[in-house]
Structures are given as structure tokens and as C-alpha cells.
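Source file: target-v2.csv. Holds: CSV, N, CA and C atoms.
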chain,number,residue,atom,x,y,z
A,23,MET,N,66.7,125.2,88.6
A,23,MET,CA,67.7,124.1,88.6
A,23,MET,C,67.0,122.8,88.2
A,24,PHE,N,67.2,121.8,89.0
A,24,PHE,CA,66.7,120.4,88.7
A,24,PHE,C,65.2,120.3,89.2
A,25,ASN,N,64.5,119.5,88.5
A,25,ASN,CA,63.1,119.3,88.9
A,25,ASN,C,62.7,117.8,89.0
A,26,ALA,N,63.7,116.9,88.8
A,26,ALA,CA,63.3,115.4,88.9
A,26,ALA,C,64.6,114.6,88.9
A,27,ILE,N,64.5,113.4,89.5
A,27,ILE,CA,65.5,112.4,89.3
A,27,ILE,C,64.9,111.4,88.4
A,28,THR,N,65.5,111.2,87.2
A,28,THR,CA,64.9,110.3,86.3
A,28,THR,C,65.5,108.9,86.3
A,29,HIS,N,66.8,108.8,86.5
A,29,HIS,CA,67.5,107.5,86.5
A,29,HIS,C,68.4,107.3,87.7
A,30,SER,N,68.4,106.2,88.2
A,30,SER,CA,69.4,105.8,89.2
A,30,SER,C,70.1,104.5,88.6
A,31,GLN,N,71.3,104.1,89.1
A,31,GLN,CA,72.0,103.0,88.5
A,31,GLN,C,72.5,102.1,89.6
A,32,ILE,N,72.4,100.8,89.3
A,32,ILE,CA,73.1,99.8,90.1
A,32,ILE,C,73.8,98.9,89.2
A,33,TYR,N,74.9,98.2,89.7
A,33,TYR,CA,75.6,97.3,88.9
A,33,TYR,C,75.0,95.9,89.1
A,34,VAL,N,74.9,95.2,88.0
A,34,VAL,CA,74.5,93.8,88.0
A,34,VAL,C,75.5,93.0,87.2
A,35,LEU,N,75.6,91.7,87.5
A,35,LEU,CA,76.7,90.9,86.8
A,35,LEU,C,76.1,90.2,85.6
A,36,ASP,N,74.8,90.0,85.5
A,36,ASP,CA,74.2,89.4,84.3
A,36,ASP,C,72.9,90.1,84.1
A,37,GLN,N,72.7,90.8,83.0
A,37,GLN,CA,71.5,91.5,82.7
A,37,GLN,C,70.3,90.7,82.5
A,38,ASP,N,70.4,89.5,81.9
A,38,ASP,CA,69.3,88.6,81.7
A,38,ASP,C,68.8,88.1,83.0
A,39,GLN,N,69.7,87.7,83.9
A,39,GLN,CA,69.4,87.3,85.2
A,39,GLN,C,68.7,88.4,86.0
A,40,ALA,N,69.2,89.7,85.8
A,40,ALA,CA,68.6,90.8,86.4
A,40,ALA,C,67.2,91.0,86.0
A,41,VAL,N,66.9,90.9,84.7
A,41,VAL,CA,65.5,91.0,84.3
A,41,VAL,C,64.6,89.9,85.0
A,42,ASP,N,65.2,88.7,85.0
A,42,ASP,CA,64.4,87.6,85.7
A,42,ASP,C,64.1,88.0,87.1
A,43,PHE,N,65.0,88.6,87.8
A,43,PHE,CA,64.8,88.9,89.2
A,43,PHE,C,63.9,90.2,89.4
A,44,TYR,N,64.3,91.3,88.7
A,44,TYR,CA,63.6,92.5,88.9
A,44,TYR,C,62.2,92.6,88.3
A,45,VAL,N,62.1,91.9,87.2
A,45,VAL,CA,60.7,91.9,86.5
A,45,VAL,C,60.0,90.6,87.0
A,46,GLY,N,60.6,89.4,86.9
A,46,GLY,CA,60.0,88.2,87.2
A,46,GLY,C,59.6,88.0,88.6
A,47,LYS,N,60.4,88.5,89.5
A,47,LYS,CA,60.1,88.3,90.9
A,47,LYS,C,59.6,89.6,91.6
A,48,LEU,N,60.3,90.7,91.4
A,48,LEU,CA,59.9,91.9,92.1
A,48,LEU,C,58.7,92.6,91.5
A,49,GLY,N,58.4,92.2,90.2
A,49,GLY,CA,57.3,92.8,89.5
A,49,GLY,C,57.5,94.1,88.9
A,50,LEU,N,58.8,94.6,88.7
A,50,LEU,CA,59.0,95.8,88.0
A,50,LEU,C,58.8,95.6,86.5
A,51,GLU,N,58.9,96.6,85.7
A,51,GLU,CA,58.7,96.5,84.3
A,51,GLU,C,59.9,97.1,83.5
A,52,VAL,N,60.2,96.5,82.4
A,52,VAL,CA,61.3,97.0,81.6
A,52,VAL,C,60.8,98.2,80.8
A,53,ASN,N,61.6,99.3,81.0
A,53,ASN,CA,61.4,100.5,80.2
A,53,ASN,C,62.2,100.6,79.0
A,54,ALA,N,63.4,100.2,79.0
A,54,ALA,CA,64.3,100.3,77.8
A,54,ALA,C,65.2,99.1,77.9
A,55,ASP,N,65.4,98.5,76.7
A,55,ASP,CA,66.4,97.4,76.6
A,55,ASP,C,67.0,97.6,75.2
A,56,VAL,N,68.1,98.3,75.1
A,56,VAL,CA,68.6,98.8,73.9
A,56,VAL,C,70.1,98.4,73.8
A,57,ASP,N,70.5,97.7,72.7
A,57,ASP,CA,71.9,97.4,72.4
A,57,ASP,C,72.5,98.6,71.8
A,58,LEU,N,73.4,99.3,72.5
A,58,LEU,CA,74.1,100.5,72.0
A,58,LEU,C,75.4,100.1,71.3
A,59,GLY,N,75.7,98.9,71.2
A,59,GLY,CA,76.9,98.4,70.7
A,59,GLY,C,78.0,98.3,71.7
A,60,PHE,N,78.3,99.4,72.4
A,60,PHE,CA,79.3,99.4,73.4
A,60,PHE,C,78.8,99.0,74.8
A,61,MET,N,77.4,98.9,74.9
A,61,MET,CA,76.8,98.5,76.2
A,61,MET,C,75.3,98.3,75.9
A,62,ARG,N,74.7,97.5,76.8
A,62,ARG,CA,73.2,97.3,76.8
A,62,ARG,C,72.6,98.3,77.8
A,63,TRP,N,71.7,99.2,77.3
A,63,TRP,CA,71.0,100.1,78.1
A,63,TRP,C,69.7,99.4,78.6
A,64,LEU,N,69.7,99.0,79.8
A,64,LEU,CA,68.6,98.2,80.4
A,64,LEU,C,68.0,98.9,81.6
A,65,THR,N,66.8,99.4,81.5
A,65,THR,CA,66.2,100.1,82.6
A,65,THR,C,64.9,99.4,83.0
A,66,VAL,N,64.6,99.5,84.3
A,66,VAL,CA,63.3,99.0,84.8
A,66,VAL,C,62.7,100.1,85.7
A,67,SER,N,61.4,99.9,86.0
A,67,SER,CA,60.7,100.8,86.9
A,67,SER,C,59.5,100.2,87.6
A,68,VAL,N,59.0,100.8,88.6
A,68,VAL,CA,57.8,100.3,89.2
A,68,VAL,C,56.7,100.5,88.1
A,69,PRO,N,55.8,99.5,87.9
A,69,PRO,CA,54.8,99.6,86.9
A,69,PRO,C,54.0,100.9,87.0
A,70,GLY,N,53.8,101.6,85.9
A,70,GLY,CA,53.1,102.8,85.8
A,70,GLY,C,53.9,104.1,86.3
A,71,HIS,N,55.1,103.9,86.6
A,71,HIS,CA,56.0,105.0,87.0
A,71,HIS,C,57.3,105.1,86.2
A,72,PRO,N,57.2,105.3,84.9
A,72,PRO,CA,58.4,105.3,84.0
A,72,PRO,C,59.3,106.6,84.3
A,73,GLU,N,58.7,107.5,85.0
A,73,GLU,CA,59.5,108.7,85.3
A,73,GLU,C,60.7,108.5,86.2
A,74,ARG,N,60.8,107.4,86.8
A,74,ARG,CA,61.9,107.1,87.7
A,74,ARG,C,62.4,105.7,87.4
A,75,GLN,N,63.5,105.6,86.6
A,75,GLN,CA,64.0,104.3,86.2
A,75,GLN,C,65.3,103.9,86.8
A,76,ILE,N,65.5,102.6,86.9
A,76,ILE,CA,66.8,102.1,87.4
A,76,ILE,C,67.6,101.5,86.3
A,77,LEU,N,68.8,101.9,86.1
A,77,LEU,CA,69.7,101.4,85.0
A,77,LEU,C,70.4,100.2,85.7
A,78,LEU,N,70.2,99.0,85.1
A,78,LEU,CA,70.8,97.8,85.5
A,78,LEU,C,72.1,97.6,84.6
A,79,GLU,N,73.2,98.1,85.1
A,79,GLU,CA,74.4,98.2,84.3
A,79,GLU,C,75.4,97.1,84.6
A,80,LYS,N,75.9,96.5,83.6
A,80,LYS,CA,77.0,95.5,83.8
A,80,LYS,C,78.3,96.2,83.8
A,81,PRO,N,79.1,96.1,84.8
A,81,PRO,CA,80.4,96.8,84.9
A,81,PRO,C,81.4,96.3,83.7
A,82,GLY,N,82.0,97.2,83.1
A,82,GLY,CA,82.9,96.9,82.0
A,82,GLY,C,83.2,98.0,81.1
A,83,PRO,N,84.0,97.8,80.1
A,83,PRO,CA,84.3,98.8,79.1
A,83,PRO,C,83.1,99.2,78.4
A,84,PRO,N,83.0,100.5,77.9
A,84,PRO,CA,84.0,101.5,77.9
A,84,PRO,C,84.0,102.4,79.1
A,85,ALA,N,83.0,102.2,80.0
A,85,ALA,CA,83.0,103.0,81.2
A,85,ALA,C,84.2,102.8,82.1
A,86,MET,N,84.8,101.6,82.1
A,86,MET,CA,85.9,101.3,83.0
A,86,MET,C,86.8,100.2,82.3
A,87,SER,N,88.0,100.2,82.8
A,87,SER,CA,88.9,99.2,82.2
A,87,SER,C,88.4,97.8,82.7
A,88,GLU,N,88.9,96.7,82.1
A,88,GLU,CA,88.5,95.4,82.5
A,88,GLU,C,89.0,95.1,83.9
A,89,GLU,N,90.2,95.6,84.2
A,89,GLU,CA,90.8,95.4,85.6
A,89,GLU,C,89.9,96.1,86.6
A,90,THR,N,89.4,97.3,86.4
A,90,THR,CA,88.5,98.0,87.3
A,90,THR,C,87.2,97.3,87.4
A,91,ALA,N,86.7,96.8,86.2
A,91,ALA,CA,85.4,96.1,86.2
A,91,ALA,C,85.5,94.9,87.0
A,92,GLN,N,86.6,94.1,87.0
A,92,GLN,CA,86.7,93.0,87.9
A,92,GLN,C,86.6,93.3,89.3
A,93,GLN,N,87.2,94.4,89.7
A,93,GLN,CA,87.2,94.9,91.1
A,93,GLN,C,85.8,95.3,91.5
A,94,VAL,N,85.1,95.9,90.6
A,94,VAL,CA,83.7,96.3,90.8
A,94,VAL,C,82.8,95.1,91.0
A,95,ARG,N,83.0,94.1,90.1
A,95,ARG,CA,82.2,92.8,90.2
A,95,ARG,C,82.4,92.2,91.6
A,96,GLU,N,83.7,92.2,92.1
A,96,GLU,CA,83.9,91.6,93.4
A,96,GLU,C,83.2,92.4,94.5
A,97,LEU,N,83.2,93.7,94.4
A,97,LEU,CA,82.5,94.5,95.4
A,97,LEU,C,81.0,94.3,95.3
A,98,VAL,N,80.4,94.2,94.1
A,98,VAL,CA,79.0,94.0,94.0
A,98,VAL,C,78.7,92.7,94.7
A,99,THR,N,79.4,91.6,94.4
A,99,THR,CA,79.2,90.3,95.0
A,99,THR,C,79.2,90.3,96.5
A,100,LYS,N,80.0,91.2,97.1
A,100,LYS,CA,80.1,91.4,98.6
A,100,LYS,C,79.0,92.3,99.1
A,101,GLY,N,78.2,92.9,98.2
A,101,GLY,CA,77.3,93.9,98.7
A,101,GLY,C,77.9,95.2,99.2
A,102,ALA,N,79.1,95.5,98.6
A,102,ALA,CA,79.9,96.6,99.1
A,102,ALA,C,80.0,97.8,98.2
A,103,THR,N,79.1,97.9,97.2
A,103,THR,CA,79.3,99.0,96.3
A,103,THR,C,78.7,100.3,96.8
A,104,GLY,N,77.9,100.2,97.9
A,104,GLY,CA,77.4,101.4,98.5
A,104,GLY,C,76.0,101.8,98.0
A,105,GLY,N,75.6,101.2,96.9
A,105,GLY,CA,74.3,101.5,96.3
A,105,GLY,C,73.2,100.6,96.9
A,106,SER,N,72.0,101.1,97.0
A,106,SER,CA,70.9,100.3,97.4
A,106,SER,C,69.6,100.9,96.8
A,107,LEU,N,68.6,100.1,96.8
A,107,LEU,CA,67.3,100.5,96.3
A,107,LEU,C,66.3,100.4,97.5
A,108,ILE,N,65.4,101.3,97.6
A,108,ILE,CA,64.4,101.3,98.6
A,108,ILE,C,63.1,101.6,98.0
A,109,PHE,N,62.1,100.6,98.1
A,109,PHE,CA,60.8,100.7,97.5
A,109,PHE,C,59.8,100.9,98.7
A,110,THR,N,58.6,101.4,98.3
A,110,THR,CA,57.5,101.4,99.3
A,110,THR,C,56.4,100.4,98.8
A,111,THR,N,55.7,99.9,99.8
A,111,THR,CA,54.6,99.0,99.5
A,111,THR,C,53.4,99.3,100.5
A,112,ASP,N,52.2,98.9,100.1
A,112,ASP,CA,51.1,99.1,101.0
A,112,ASP,C,51.0,98.1,102.1
A,113,ASP,N,51.6,96.9,101.9
A,113,ASP,CA,51.6,95.9,102.9
A,113,ASP,C,52.9,95.1,102.9
A,114,CYS,N,53.8,95.5,103.8
A,114,CYS,CA,55.1,95.0,103.9
A,114,CYS,C,55.1,93.4,104.1
A,115,ARG,N,54.3,93.0,105.1
A,115,ARG,CA,54.3,91.6,105.4
A,115,ARG,C,53.8,90.7,104.2
A,116,LYS,N,52.7,91.2,103.6
A,116,LYS,CA,52.2,90.4,102.4
A,116,LYS,C,53.2,90.4,101.3
A,117,THR,N,53.8,91.5,101.0
A,117,THR,CA,54.8,91.6,100.0
A,117,THR,C,56.0,90.6,100.3
A,118,TYR,N,56.4,90.7,101.5
A,118,TYR,CA,57.5,89.7,102.0
A,118,TYR,C,57.1,88.3,101.7
A,119,GLU,N,55.9,87.9,102.1
A,119,GLU,CA,55.4,86.5,102.0
A,119,GLU,C,55.4,86.1,100.5
A,120,THR,N,54.9,87.0,99.6
A,120,THR,CA,54.8,86.8,98.2
A,120,THR,C,56.2,86.6,97.6
A,121,LEU,N,57.1,87.4,98.0
A,121,LEU,CA,58.4,87.3,97.4
A,121,LEU,C,59.2,86.1,98.0
A,122,ARG,N,59.0,85.9,99.2
A,122,ARG,CA,59.6,84.7,99.9
A,122,ARG,C,59.1,83.4,99.2
A,123,ASP,N,57.8,83.4,98.8
A,123,ASP,CA,57.3,82.2,98.1
A,123,ASP,C,57.8,82.1,96.7
A,124,LEU,N,58.3,83.2,96.2
A,124,LEU,CA,58.9,83.1,94.8
A,124,LEU,C,60.4,82.8,94.9
A,125,GLY,N,60.9,82.6,96.1
A,125,GLY,CA,62.3,82.2,96.3
A,125,GLY,C,63.3,83.3,96.5
A,126,VAL,N,62.8,84.5,96.8
A,126,VAL,CA,63.6,85.6,97.1
A,126,VAL,C,64.2,85.4,98.5
A,127,GLU,N,65.5,85.6,98.6
A,127,GLU,CA,66.2,85.4,99.9
A,127,GLU,C,66.3,86.8,100.6
A,128,PHE,N,65.9,86.8,101.8
A,128,PHE,CA,65.8,88.0,102.6
A,128,PHE,C,67.0,88.1,103.6
A,129,THR,N,67.5,89.3,103.9
A,129,THR,CA,68.5,89.5,104.9
A,129,THR,C,67.9,89.9,106.2
A,130,GLU,N,66.6,90.4,106.1
A,130,GLU,CA,65.9,90.8,107.3
A,130,GLU,C,64.4,90.7,107.1
A,131,GLU,N,63.7,90.1,108.0
A,131,GLU,CA,62.3,89.9,108.0
A,131,GLU,C,61.6,91.3,108.3
A,132,PRO,N,60.3,91.4,108.0
A,132,PRO,CA,59.6,92.6,108.3
A,132,PRO,C,59.7,93.0,109.8
A,133,THR,N,60.1,94.2,110.0
A,133,THR,CA,60.3,94.7,111.3
A,133,THR,C,59.6,96.1,111.5
A,134,GLU,N,59.0,96.2,112.7
A,134,GLU,CA,58.4,97.5,113.1
A,134,GLU,C,59.5,98.5,113.3
A,135,ARG,N,59.4,99.7,112.7
A,135,ARG,CA,60.3,100.8,112.9
A,135,ARG,C,59.5,102.1,113.2
A,136,PRO,N,60.2,103.1,113.7
A,136,PRO,CA,59.5,104.4,114.0
A,136,PRO,C,58.7,104.9,112.8
A,137,TYR,N,59.2,104.7,111.6
A,137,TYR,CA,58.7,105.2,110.3
A,137,TYR,C,57.8,104.2,109.6
A,138,GLY,N,57.6,103.0,110.1
A,138,GLY,CA,56.7,102.0,109.5
A,138,GLY,C,57.3,100.6,109.6
A,139,ILE,N,57.0,99.8,108.7
A,139,ILE,CA,57.4,98.4,108.7
A,139,ILE,C,58.3,98.2,107.5
A,140,ASP,N,59.5,97.6,107.7
A,140,ASP,CA,60.4,97.4,106.5
A,140,ASP,C,61.1,96.1,106.7
A,141,CYS,N,61.7,95.7,105.6
A,141,CYS,CA,62.6,94.5,105.6
A,141,CYS,C,63.7,94.6,104.5
A,142,GLY,N,64.6,93.7,104.5
A,142,GLY,CA,65.7,93.8,103.6
A,142,GLY,C,66.0,92.5,102.8
A,143,LEU,N,66.5,92.6,101.7
A,143,LEU,CA,66.9,91.5,100.8
A,143,LEU,C,68.1,91.9,100.0
A,144,ARG,N,68.7,90.9,99.3
A,144,ARG,CA,69.7,91.2,98.3
A,144,ARG,C,69.3,90.6,97.0
A,145,ASP,N,69.7,91.3,95.9
A,145,ASP,CA,69.4,90.7,94.6
A,145,ASP,C,70.4,89.6,94.3
A,146,PRO,N,70.3,88.9,93.2
A,146,PRO,CA,71.2,87.7,93.0
A,146,PRO,C,72.7,88.1,92.9
A,147,PHE,N,73.0,89.4,92.8
A,147,PHE,CA,74.4,89.9,92.7
A,147,PHE,C,75.0,90.4,93.9
A,148,GLY,N,74.1,90.7,94.9
A,148,GLY,CA,74.6,91.2,96.2
A,148,GLY,C,74.2,92.6,96.5
A,149,ASN,N,73.4,93.3,95.6
A,149,ASN,CA,72.9,94.6,95.9
A,149,ASN,C,71.9,94.6,97.0
A,150,ASN,N,71.9,95.6,97.9
A,150,ASN,CA,71.0,95.7,99.0
A,150,ASN,C,69.7,96.4,98.5
A,151,ILE,N,68.6,95.7,98.9
A,151,ILE,CA,67.2,96.3,98.6
A,151,ILE,C,66.4,96.2,99.9
A,152,ARG,N,65.6,97.3,100.1
A,152,ARG,CA,64.7,97.3,101.2
A,152,ARG,C,63.3,97.8,100.6
A,153,PHE,N,62.3,97.4,101.3
A,153,PHE,CA,61.0,98.0,101.0
A,153,PHE,C,60.3,98.2,102.3
A,154,THR,N,59.5,99.3,102.3
A,154,THR,CA,58.9,99.9,103.5
A,154,THR,C,57.4,100.1,103.3
A,155,GLN,N,56.7,99.8,104.4
A,155,GLN,CA,55.3,100.2,104.5
A,155,GLN,C,55.3,101.4,105.4
A,156,PRO,N,55.2,102.6,104.8
A,156,PRO,CA,55.3,103.8,105.7
A,156,PRO,C,54.1,103.8,106.7
A,157,LYS,N,54.4,104.4,107.9
A,157,LYS,CA,53.5,104.5,108.9
A,157,LYS,C,52.4,105.5,108.4
A,158,SER,N,51.1,105.1,108.7
A,158,SER,CA,50.0,106.0,108.2
A,158,SER,C,49.6,107.0,109.2

How does the structure come out when it is put into C-alpha cells?
Amino acid sequence: MFNAITHSQIYVLDQDQAVDFYVGKLGLEVNADVDLGFMRWLTVSVPGHPERQILLEKPGPPAMSEETAQQVRELVTKGATGGSLIFTTDDCRKTYETLRDLGVEFTEEPTERPYGIDCGLRDPFGNNIRFTQPKS
């Protein structure tokens, strides 16, 4: 059957702003940025790991009607689309400090958990993001 997950998708409201955030602040790299005519195929990944990409998709036609796209944009802004990203890091507190100094706004500071240390933030559009330093 299946042997890998290659792409996941989240909605963003502005793809250029998404690149600024995901690449410029979080340090991901662009894998693909292709104008397909009907949409812009924009993917990012953790540097050195192109086998797992995140599609930064702008809601709209042809995937959905403009009416539905407007509803999706409202849900994204509220952080209510149900999607989230979870990354790992070797040092949660240091990563938190680095990103905080870059102006990233956090919803939760680094916290000790049974599985390690993690924290939460939202991207500029409302998507939930967490990163974890797994317990060794």
C-alpha cells in the first residue's frame, strides 16, 4: 500500500506573506513555486528534507467557489480550520527565543510535558503551529 506522506496542506491568505513567515522566520525552504495558471503551487519543507512538503494553498477557485473560499478565509483567520503543523527541534527554549526575537507571536511558551518540551504559535493567518523537543 502506501510508503510515505509526501505533502500536507494548510490554507494561507497571502502566499508571499507565507513565504516571508515560513522561510524568513521559521527557516523552512521553498521546494516548489509554480504558477499553474489556475493556482500557485507553493511548497516548503524543513531544510534537507524535501520528501515531506507543506503546500501553502490560497483558498479559492477552481478548488472551491468564491463564496466557499470566503468562508474558509474566515475560518483560517479564527484558527478554526482544524489543520496544524508540528515540528521537532533539538532545543525548544532556544528556538523559542530565536523566533520570539524575530517577532513571531506565541500562543504558549515552552512547557515541560510528559513527552518533552513544546510550545505553540500561530502563523500570520491563524494556523496553529507547535514545535517539540522530544524527551531523550

Pairwise distance for CA of Leu143 (chain A) and atom C of Thr129 (chain A), rounded to one decimal in Å: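 It comes out at 5.7 Å.
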
Strand (DSSP E or B) per DSSP on the backbone: members of region 57-131 of chain A, as JSON, numbers by chain: {"A": [57, 62, 63, 64, 65, 66, 67, 75, 76, 77, 78, 79, 106, 107, 108, 109, 110, 128, 129, 130, 131]}

Straight-line distance linking atom C of Lys47 (chain A) with atom C of Gln93 (chain A), stated in Å to one decimal: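 Distance reported for this atom pair: 26.8 Å.
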
DSSP-assigned helix (DSSP H, G or I) members of region 89-146 of chain A, reported as a PyMOL selection string: chain A and resi 89-100+114-123

Point-to-point distance in Å for CA of Asp140 (chain A) and CA of Gln155 (chain A):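 Value for the CA of Gln155 (chain A)-CA of Asp140 (chain A) distance: 6.2 Å.
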
Given only C-alpha atoms as the counted atoms, nearest of A:Glu131, A:Asn25, A:Tyr33, A:Arg152 to Gln92 (chain A): A:Tyr33
